[in-house]
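These notes concern the structure reproduced below.
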Amino acid sequence: MLIDLTSINYLPVIVGGIVYMMYGGIYYSILLSDKKANTRDIKKTESKGPFKYIYSVIIAFIISFFMAVLVQSIGADNLINGKIIGLVIGLLISMVYLKNALFGLISKKALIIAIGDHLVIFTLLGIIHGWLI
């Protein structure tokens, strides 16, 4: 199966990438604020410098692009179908995080943060791509 990149609607890719960045900024600013005492462990392992922000911006647009490819290739041409696809992707990613947590690779707090993040953002991306297709 070949994907015709000229048939991709790039408006949802741009909107999705911007929403992804805004959501991530708000979500992680609230959850990882210095006012919360239980974020010390996460802050210890956090990388320093601007690379994490540059990487996050690039990834936001890459993920939005792949969501466009998936939603458009499946033919999800409305908000509900896009939402379902986004939710399914969020659930699949959450299952991977759960598996990693069961093997002790990530903490319970990090697991909850990651699952919440991915369920919400992929559902939002699915809605955006299903709606703006």
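Residue numbering restarts at 1 for every chain of the structure tokens, chains are lettered A, B, ... in their displayed order, and ligands are numbered from 1 as they appear.
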Item to check | range 116-132 of chain A surroundings by only C-alpha atoms, 8 Å radius, close-in-sequence under 5 positions cut, as a VMD selection string | outcome: chain A and resid 11 to 13 15 to 16 20 23 to 24 27 64 67 to 68 71 76 to 87 89 to 91 93 to 94
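Minimum distance to Met21 in chain A across A:Leu2, A:Ile63, A:Pro50, A:Asn9 (counting only C-alpha atoms) occurs at A:Ile63.
Reported to one decimal place, the separation of CA of Ile3 in chain A from CA of Ile133 in chain A is 15.7 Å.
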Next on the checklist: If I take CA of Ile54 in chain A and CA of Phe66 in chain A, how far is one from the other in Å, to one decimal?
Outcome noted: 18.7 Å
Checklist entry - Looking only at the backbone, which of the residues in range 45-80 of chain A does DSSP tag as alpha helix (DSSP H), as a PyMOL selection string? => result chain A and resi 45+51-74+79-80
Item to check | Interatomic distance, CA of Val19 in chain A to CA of Asn100 in chain A (Å, one decimal) | outcome: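 Separation between CA of Val19 in chain A and CA of Asn100 in chain A: 27.4 Å.
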Item to check | Top pick for closest residue to Ile30 in chain A, considering A:Ser47, A:Ile18, A:Ile113, A:Gln72 and counting only C-alpha atoms | outcome: A:Ile113
Item to check | Selected residue, from A:Met22, A:Leu31, A:Val69, A:Ile74, that lies nearest to Ala114 in chain A when counting only C-alpha atoms | outcome: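 Of all the options, A:Leu31 lies closest to Ala114 in chain A.
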